[in-house]
$ cat start_17.txt   # compact mmCIF, C-alpha atoms
# COMPACT_ATOMS: atom_id res chain seq x y z
CA MET P 1 -98.56 -18.11 -34.92
CA LYS P 2 -98.55 -20.29 -38.03
CA THR P 3 -97.48 -23.88 -37.59
CA ASP P 4 -96.73 -26.76 -39.98
CA VAL P 5 -94.55 -24.35 -41.94
CA ILE P 6 -90.97 -24.24 -43.19
CA ILE P 7 -89.20 -20.89 -42.94
CA ASN P 8 -86.36 -20.34 -45.41
CA ARG P 9 -84.10 -18.07 -43.37
CA GLU P 10 -81.05 -18.00 -41.12
CA ALA P 11 -81.99 -19.62 -37.79
CA LEU P 12 -81.11 -16.73 -35.47
CA TYR P 13 -83.15 -14.15 -37.39
CA ALA P 14 -86.11 -16.46 -37.93
CA LEU P 15 -86.23 -17.27 -34.21
CA ARG P 16 -86.26 -13.57 -33.35
CA GLU P 17 -89.57 -13.23 -35.17
CA LEU P 18 -91.31 -16.01 -33.22
CA PRO P 19 -93.33 -15.16 -30.09
CA SER P 20 -91.88 -15.82 -26.65
CA GLU P 21 -92.94 -19.08 -24.98
CA SER P 22 -94.70 -20.30 -28.11
CA VAL P 23 -93.27 -23.81 -28.69
CA ASN P 24 -93.27 -26.91 -26.50
CA CYS P 25 -90.21 -28.72 -27.73
CA CYS P 26 -87.15 -28.40 -29.94
CA VAL P 27 -85.49 -31.36 -31.66
CA THR P 28 -82.55 -30.43 -33.84
CA SER P 29 -79.16 -31.38 -35.21
CA PRO P 30 -77.09 -28.35 -36.24
CA PRO P 31 -74.39 -28.66 -38.92
CA TYR P 32 -71.35 -30.32 -37.37
CA TYR P 33 -68.13 -28.36 -37.10
CA GLY P 34 -65.81 -28.55 -40.11
CA LEU P 35 -67.65 -31.44 -41.73
CA ARG P 36 -69.48 -30.07 -44.79
CA ASP P 37 -69.49 -26.89 -46.83
CA TYR P 38 -72.98 -26.09 -48.11
CA GLY P 39 -71.75 -23.06 -50.04
CA LEU P 40 -73.93 -20.55 -48.18
CA ASP P 41 -72.54 -17.32 -46.74
CA ALA P 42 -74.47 -17.51 -43.46
CA GLN P 43 -73.95 -21.24 -42.86
CA ILE P 44 -72.89 -22.57 -39.48
CA GLY P 45 -70.10 -25.13 -39.24
CA ARG P 46 -67.33 -23.48 -41.27
CA GLU P 47 -66.09 -21.01 -38.64
CA ASP P 48 -62.34 -20.44 -38.28
CA THR P 49 -62.25 -21.86 -34.75
CA PRO P 50 -64.38 -24.17 -32.59
CA GLU P 51 -64.92 -21.24 -30.21
CA GLN P 52 -66.54 -19.20 -32.97
CA TYR P 53 -68.74 -22.17 -33.87
CA ILE P 54 -69.81 -22.64 -30.26
CA ASP P 55 -70.51 -18.91 -29.85
CA ARG P 56 -72.80 -18.86 -32.89
CA LEU P 57 -74.76 -21.86 -31.68
CA VAL P 58 -75.08 -20.40 -28.17
CA ASP P 59 -76.57 -17.24 -29.74
CA VAL P 60 -79.08 -19.28 -31.72
CA PHE P 61 -80.08 -21.41 -28.77
CA ARG P 62 -80.36 -18.40 -26.45
CA GLU P 63 -83.08 -17.11 -28.77
CA LEU P 64 -84.59 -20.60 -28.78
CA ARG P 65 -84.80 -20.47 -24.99
CA ARG P 66 -86.93 -17.33 -25.25
CA VAL P 67 -89.26 -19.03 -27.74
CA LEU P 68 -89.56 -22.22 -25.68
CA LYS P 69 -92.32 -22.55 -23.09
CA ASP P 70 -91.18 -22.60 -19.48
CA ASP P 71 -91.84 -26.37 -19.28
CA GLY P 72 -90.33 -27.04 -22.72
CA THR P 73 -87.56 -29.45 -23.65
CA PHE P 74 -84.63 -29.11 -26.03
CA TRP P 75 -83.10 -32.23 -27.62
CA LEU P 76 -79.75 -31.48 -29.24
CA ASN P 77 -78.03 -34.04 -31.47
CA ILE P 78 -74.34 -33.24 -31.95
CA ALA P 79 -71.21 -35.17 -32.92
CA ASP P 80 -67.51 -34.50 -32.51
CA THR P 81 -64.82 -33.47 -34.98
CA TYR P 82 -61.16 -34.39 -35.33
CA CYS P 83 -58.69 -31.56 -35.79
CA GLY P 84 -57.58 -31.49 -39.40
CA SER P 85 -54.74 -29.75 -41.17
CA GLY P 86 -55.25 -26.00 -41.33
CA MET P 87 -57.81 -25.95 -38.50
CA LYS P 88 -57.26 -23.33 -35.79
CA ALA P 89 -58.67 -25.55 -33.09
CA GLY P 90 -56.23 -24.88 -30.28
CA CYS P 91 -55.20 -28.53 -30.33
CA LYS P 92 -52.92 -30.80 -32.32
CA GLN P 93 -53.74 -32.26 -35.72
CA LYS P 94 -55.61 -35.57 -35.24
CA ASP P 95 -56.82 -34.55 -31.76
CA LEU P 96 -60.49 -35.07 -30.97
CA ILE P 97 -61.72 -31.52 -30.36
CA GLY P 98 -64.50 -32.29 -27.88
CA ILE P 99 -67.21 -30.24 -29.62
CA PRO P 100 -70.24 -31.86 -27.92
CA TRP P 101 -69.09 -31.14 -24.39
CA LEU P 102 -67.72 -27.71 -25.27
CA LEU P 103 -71.20 -26.87 -26.55
CA ALA P 104 -73.03 -28.52 -23.65
CA PHE P 105 -70.99 -26.65 -21.05
CA ALA P 106 -71.38 -23.35 -22.92
CA LEU P 107 -75.16 -23.80 -23.02
CA ARG P 108 -75.23 -24.67 -19.33
CA SER P 109 -73.26 -21.53 -18.56
CA ASP P 110 -75.71 -19.56 -20.67
CA GLY P 111 -78.63 -20.63 -18.49
CA TRP P 112 -79.84 -23.97 -19.81
CA TYR P 113 -80.34 -26.94 -17.47
CA LEU P 114 -78.22 -29.83 -18.75
CA ARG P 115 -80.37 -32.82 -17.82
CA SER P 116 -79.07 -35.82 -19.74
CA ASP P 117 -76.35 -36.99 -22.11
CA ILE P 118 -77.98 -39.65 -24.26
CA ILE P 119 -75.77 -41.84 -26.41
CA TRP P 120 -77.23 -42.53 -29.84
CA LEU P 121 -75.65 -45.89 -30.69
CA LYS P 122 -75.63 -47.07 -34.32
CA GLU P 123 -74.95 -50.65 -35.38
CA ASN P 124 -74.61 -49.44 -38.98
CA PRO P 125 -72.44 -46.32 -38.67
CA MET P 126 -70.75 -44.58 -41.57
CA PRO P 127 -67.63 -46.60 -42.48
CA GLU P 128 -64.27 -45.01 -41.63
CA SER P 129 -60.87 -45.80 -43.13
CA CYS P 130 -58.92 -45.17 -39.91
CA ARG P 131 -56.55 -47.85 -38.63
CA ASP P 132 -55.09 -46.06 -35.61
CA ARG P 133 -58.25 -45.68 -33.46
CA PRO P 134 -61.65 -47.35 -33.04
CA SER P 135 -64.30 -46.45 -35.59
CA ARG P 136 -67.01 -44.13 -34.35
CA CYS P 137 -70.50 -45.56 -33.86
CA TYR P 138 -72.30 -43.08 -31.62
CA GLU P 139 -73.36 -39.46 -31.29
CA HIS P 140 -74.61 -37.36 -28.38
CA ILE P 141 -78.16 -36.20 -27.75
CA PHE P 142 -78.26 -33.67 -24.94
CA LEU P 143 -81.54 -33.08 -23.15
CA LEU P 144 -81.61 -29.45 -22.03
CA THR P 145 -84.43 -27.56 -20.37
CA LYS P 146 -85.40 -23.99 -19.59
CA SER P 147 -86.58 -24.76 -16.04
CA LYS P 148 -85.99 -27.27 -13.26
CA LYS P 149 -89.49 -28.69 -13.79
CA TYR P 150 -90.56 -29.49 -17.32
CA TYR P 151 -92.79 -31.74 -19.42
CA TYR P 152 -91.40 -35.26 -19.66
CA ASP P 153 -93.52 -38.32 -20.45
CA ALA P 154 -91.38 -41.22 -19.23
CA ALA P 155 -94.11 -43.78 -19.92
CA ALA P 156 -94.26 -42.81 -23.60
CA ILE P 157 -90.71 -44.06 -24.21
CA ALA P 158 -90.45 -46.76 -21.52
CA GLU P 159 -88.79 -50.02 -22.56
CA PRO P 160 -89.50 -53.64 -21.58
CA ILE P 161 -87.73 -54.94 -18.49
CA ALA P 162 -85.07 -57.57 -19.07
CA PRO P 163 -86.12 -61.23 -18.60
CA GLY P 164 -83.46 -61.57 -15.91
CA THR P 165 -85.01 -58.68 -13.96
CA ALA P 166 -88.44 -60.32 -14.07
CA ALA P 167 -86.87 -63.56 -12.82
CA ARG P 168 -85.25 -61.74 -9.88
CA TYR P 169 -88.59 -60.16 -9.00
CA ARG P 170 -90.17 -63.63 -8.84
CA GLN P 171 -87.48 -65.22 -6.68
CA GLY P 172 -87.17 -65.30 -2.93
CA ARG P 173 -84.12 -63.66 -1.42
CA GLY P 174 -81.91 -65.03 1.35
CA ALA P 175 -80.36 -62.94 4.09
CA GLY P 176 -76.77 -64.03 3.49
CA HIS P 177 -75.86 -62.13 0.31
CA LYS P 178 -73.62 -59.06 0.40
CA TYR P 179 -76.36 -56.61 -0.64
CA ALA P 180 -78.62 -57.61 2.27
CA GLU P 181 -76.87 -54.97 4.37
CA GLU P 182 -76.32 -51.31 3.60
CA VAL P 183 -73.62 -50.72 0.99
CA PRO P 184 -71.10 -48.18 2.36
CA GLY P 185 -71.96 -44.72 1.08
CA GLN P 186 -75.33 -45.74 -0.43
CA GLY P 187 -77.61 -45.69 2.59
CA LYS P 188 -80.73 -47.88 2.72
CA VAL P 189 -80.94 -51.42 1.35
CA GLN P 190 -82.85 -51.63 -1.94
CA GLY P 191 -86.25 -53.26 -1.57
CA LEU P 192 -85.37 -55.87 -4.18
CA ASN P 193 -82.36 -56.94 -2.09
CA ARG P 194 -84.14 -57.34 1.24
CA ALA P 195 -84.62 -60.89 2.52
CA ARG P 196 -87.99 -62.38 1.54
CA SER P 197 -89.52 -65.83 1.11
CA GLY P 198 -91.44 -65.19 -2.09
CA SER P 199 -91.82 -62.82 -5.03
CA TYR P 200 -90.99 -59.15 -4.61
CA TYR P 201 -94.30 -58.30 -6.35
CA ASP P 202 -97.71 -59.91 -6.59
CA GLU P 203 -97.85 -61.43 -10.08
CA ALA P 204 -100.65 -59.07 -11.13
CA LEU P 205 -98.57 -56.06 -10.10
CA MET P 206 -95.33 -57.22 -11.71
CA PRO P 207 -93.94 -54.37 -13.83
CA THR P 208 -93.33 -55.11 -17.48
CA MET P 209 -91.63 -51.84 -18.41
CA ARG P 210 -88.71 -49.82 -17.07
CA ASN P 211 -87.60 -46.22 -17.42
CA ARG P 212 -85.82 -45.60 -20.72
CA ARG P 213 -82.05 -45.71 -20.29
CA ASP P 214 -79.63 -43.23 -21.79
CA VAL P 215 -78.13 -45.39 -24.53
CA TRP P 216 -80.47 -45.58 -27.52
CA LEU P 217 -79.75 -48.17 -30.18
CA ILE P 218 -81.28 -46.65 -33.32
CA ASN P 219 -79.81 -47.51 -36.69
CA THR P 220 -79.55 -45.07 -39.55
CA VAL P 221 -82.00 -45.59 -42.40
CA PRO P 222 -81.56 -44.99 -46.14
CA TYR P 223 -82.71 -41.63 -47.44
CA LYS P 224 -82.80 -41.06 -51.22
CA GLY P 225 -83.15 -37.28 -51.14
CA GLY P 226 -80.32 -34.84 -51.75
CA HIS P 227 -79.50 -34.31 -48.08
CA PHE P 228 -76.53 -36.21 -46.68
CA ALA P 229 -77.04 -35.86 -42.93
CA ALA P 230 -80.64 -36.94 -42.33
CA PHE P 231 -81.13 -38.57 -38.94
CA PRO P 232 -83.60 -41.46 -38.61
CA PRO P 233 -87.28 -40.68 -37.90
CA LYS P 234 -87.26 -43.02 -34.87
CA LEU P 235 -84.72 -40.76 -33.18
CA ALA P 236 -86.90 -37.67 -33.57
CA GLU P 237 -90.02 -39.64 -32.63
CA THR P 238 -88.48 -40.79 -29.35
CA CYS P 239 -87.55 -37.24 -28.35
CA ILE P 240 -90.98 -35.88 -29.32
CA LYS P 241 -92.92 -38.58 -27.48
CA ALA P 242 -91.04 -37.82 -24.28
CA GLY P 243 -90.72 -34.07 -24.60
CA CYS P 244 -93.84 -32.69 -26.28
CA PRO P 245 -97.53 -33.17 -25.37
CA LYS P 246 -99.99 -34.19 -28.06
CA GLY P 247 -101.13 -31.18 -30.03
CA GLY P 248 -97.98 -29.29 -29.02
CA VAL P 249 -95.53 -27.51 -31.29
CA VAL P 250 -92.11 -28.94 -32.16
CA LEU P 251 -89.44 -26.60 -33.53
CA ASP P 252 -86.33 -27.45 -35.52
CA PRO P 253 -84.12 -24.45 -36.37
CA PHE P 254 -81.85 -26.60 -38.58
CA PHE P 255 -84.61 -28.40 -40.45
CA GLY P 256 -82.58 -30.03 -43.22
CA SER P 257 -84.61 -32.75 -44.93
CA GLY P 258 -87.51 -32.30 -42.50
CA THR P 259 -87.24 -35.43 -40.35
CA THR P 260 -88.39 -33.57 -37.21
CA GLY P 261 -91.47 -32.22 -38.98
CA LEU P 262 -92.27 -35.61 -40.47
CA ALA P 263 -92.05 -37.22 -37.02
CA ALA P 264 -94.13 -34.46 -35.40
CA LYS P 265 -96.98 -34.83 -37.89
CA SER P 266 -97.00 -38.62 -37.50
CA LEU P 267 -97.42 -38.17 -33.72
CA ASP P 268 -100.25 -35.58 -33.78
CA ARG P 269 -97.98 -32.65 -33.06
CA ARG P 270 -97.43 -29.48 -35.08
CA TYR P 271 -94.07 -28.30 -36.35
CA ILE P 272 -92.09 -25.23 -37.33
CA GLY P 273 -89.00 -25.79 -39.44
CA ILE P 274 -86.29 -23.21 -40.09
CA GLU P 275 -83.77 -23.91 -42.83
CA LEU P 276 -81.21 -21.67 -44.55
CA ASN P 277 -80.84 -23.82 -47.67
CA ALA P 278 -83.73 -23.16 -50.09
CA GLU P 279 -83.21 -26.51 -51.83
CA TYR P 280 -83.60 -28.33 -48.53
CA CYS P 281 -86.78 -26.36 -47.79
CA THR P 282 -88.27 -27.59 -51.07
CA LEU P 283 -87.08 -31.13 -50.35
CA ALA P 284 -88.56 -31.12 -46.83
CA GLY P 285 -91.82 -29.59 -48.01
CA ALA P 286 -92.31 -32.31 -50.61
CA ARG P 287 -91.37 -34.99 -48.09
CA ILE P 288 -93.81 -33.81 -45.43
CA GLY P 289 -96.49 -32.30 -47.63
CA GLY P 290 -96.29 -28.93 -45.87
CA GLY P 291 -95.70 -25.41 -47.10
CA ASN P 292 -92.81 -22.98 -47.24
CA THR P 293 -92.77 -19.32 -46.21

$ encode --input "start_17.txt" --output "structure tokens"
Amino acid sequence: MKTDVIINREALYALRELPSESVNCCVTSPPYYGLRDYGLDAQIGREDTPEQYIDRLVDVFRELRRVLKDDGTFWLNIADTYCGSGMKAGCKQKDLIGIPWLLAFALRSDGWYLRSDIIWLKENPMPESCRDRPSRCYEHIFLLTKSKKYYYDAAAIAEPIAPGTAARYRQGRGAGHKYAEEVPGQGKVQGLNRARSGSYYDEALMPTMRNRRDVWLINTVPYKGGHFAAFPPKLAETCIKAGCPKGGVVLDPFFGSGTTGLAAKSLDRRYIGIELNAEYCTLAGARIGGGNT
């Protein structure tokens, strides 16, 4: 199987030609529902109803599940849509449709393991002119897997512990505080909360990192190319570090400007990009320095 390639084809049909269990990881962001019209007959995102949109994505990702190794991971970036005039969304105009969770639940029903809902928080979101609701500043990244056990490198994306946590580790702990006894419904007392005269850890064993939490503050970055929905490389890099071993293959069936491929190459992984728009294939190929097929 060729890697470090960009395939100019509709995602579902391109995936059908890839071998089963041939990629380690998928990081992708499909076109959002009702947001942009790319002027292509086979494009996803312009369906008459949200249900049709969800069904098409479920079909694509069912084929992805076949292509993914049994211990593979699937990182899905998706945002919501408000019901506009003329939309047949089964809800009122101005309602939030709930696209991310509709898709997540449909994929779970189709056989995927829904393992995490990560909030991608942006301090520099796209400005909105609304004055009757808060402005949006986050999107969802769902971590889905093919199996109960899968490759996940927690240490690769661990984050520093908070200074206050380190201070609590170094302090003694009296027996009179409310967490010194079992909290109703939670069982055993946490080790950190048990009475002690000195530090919870020996200084040499004091942890400096903690498991990555599920809110990721990653700002958007400028992109001068002719693609208007490029997500930041750091977002793809974080998913790849956690979900794909070095030397592994990362797939993106909605390749766009090639951010996933760019991130994969920078991290000693290989990539396969699938993109319907020929102009975007050329753009991504020039950006990464790879080839088209």

$ residues_around --input "start_17.txt" --residues "Ala236 in chain P" --least-positions-apart "6" --cutoff "10 Å" --atoms "only C-alpha atoms" --output "ChimeraX atom specification"
/P:26-28,75,77,259-264

$ closest_atom_pairs --input "start_17.txt" --of "range 14-80 of chain P" --to "range 85-101 of chain P" --cutoff "7 Å" --atoms "all atoms listed in the file" --output "Markdown table"
| residue | atom | partner | partner_atom | distance |
| --- | --- | --- | --- | --- |
| P:Asp48 | CA | P:Lys88 | CA | 6.4 |
| P:Thr49 | CA | P:Lys88 | CA | 5.3 |
| P:Pro50 | CA | P:Ala89 | CA | 5.9 |
| P:Ile78 | CA | P:Pro100 | CA | 5.9 |
| P:Ala79 | CA | P:Pro100 | CA | 6.1 |
| P:Asp80 | CA | P:Ile99 | CA | 5.2 |

$ axis_aligned_box --input "start_17.txt" --around "range 172-187 of chain P" --padding-each-side "5 Å" --output "JSON"
{"center_x": -79.1, "center_y": -55.0, "center_z": 0.7, "size_x": 26.1, "size_y": 30.6, "size_z": 17.3}

$ residues_around --input "start_17.txt" --residues "Glu275 in chain P" --least-positions-apart "5" --cutoff "9 Å" --atoms "only C-alpha atoms" --output "list in words"
Ile6, Ile7, Asn8, Arg9, Glu10, Ala11, Asp252, Pro253, Phe254, Phe255, Gly256, Tyr280 and Cys281 of chain P

$ residues_around --input "start_17.txt" --residues "Asp117 in chain P" --least-positions-apart "5" --cutoff "9 Å" --atoms "all atoms listed in the file" --output "list in words"
His140, Ile141, Phe142, Leu143, Asp214 and Val215 of chain P

$ closest_residue --input "start_17.txt" --among "P:Ala155, P:Cys83, P:Leu107, P:Met206" --to "Ala167 in chain P" --atoms "all atoms listed in the file"
P:Met206

$ closest_residue --input "start_17.txt" --among "P:Lys148, P:His177, P:Lys2, P:Arg269" --to "Asn24 in chain P" --atoms "all atoms listed in the file"
P:Arg269

$ residues_around --input "start_17.txt" --residues "Ala230 in chain P" --least-positions-apart "3" --cutoff "9 Å" --atoms "all atoms listed in the file" --output "VMD selection string"
chain P and resid 220 to 223 227 233 256 to 259

$ atom_distance --input "start_17.txt" --atom1 "CA of Gly34 in chain P" --atom2 "CA of Ile54 in chain P"
12.2 Å

$ residues_around --input "start_17.txt" --residues "Thr238 in chain P" --least-positions-apart "3" --cutoff "10 Å" --atoms "all atoms listed in the file" --output "ChimeraX atom specification"
/P:156-157,216,233-235,241-243,263

$ residues_near_point --input "start_17.txt" --point "(-93.5, -13.0, -29.1)" --cutoff "12 Å" --atoms "only C-alpha atoms" --output "PyMOL selection string"
chain P and resi 1+15-23+63-64+66-69

$ atom_distance --input "start_17.txt" --atom1 "CA of Ile161 in chain P" --atom2 "CA of Ile218 in chain P"
18.2 Å

$ closest_residue --input "start_17.txt" --among "P:Trp112, P:Tyr82, P:Asn219, P:Ala166" --to "Met126 in chain P" --atoms "only C-alpha atoms"
P:Asn219

$ atom_distance --input "start_17.txt" --atom1 "CA of Arg170 in chain P" --atom2 "CA of Leu205 in chain P"
11.4 Å

$ closest_residue --input "start_17.txt" --among "P:Tyr201, P:Pro163, P:Asp132, P:Thr3" --to "Gly273 in chain P" --atoms "all atoms listed in the file"
P:Thr3

$ residues_near_point --input "start_17.txt" --point "(-91.9, -35.4, -18.6)" --cutoff "9 Å" --atoms "all atoms listed in the file" --output "ChimeraX atom specification"
/P:73,149-155,242-244

$ closest_residue --input "start_17.txt" --among "P:Val5, P:Cys130, P:Cys239, P:Leu35" --to "Leu76 in chain P" --atoms "all atoms listed in the file"
P:Cys239
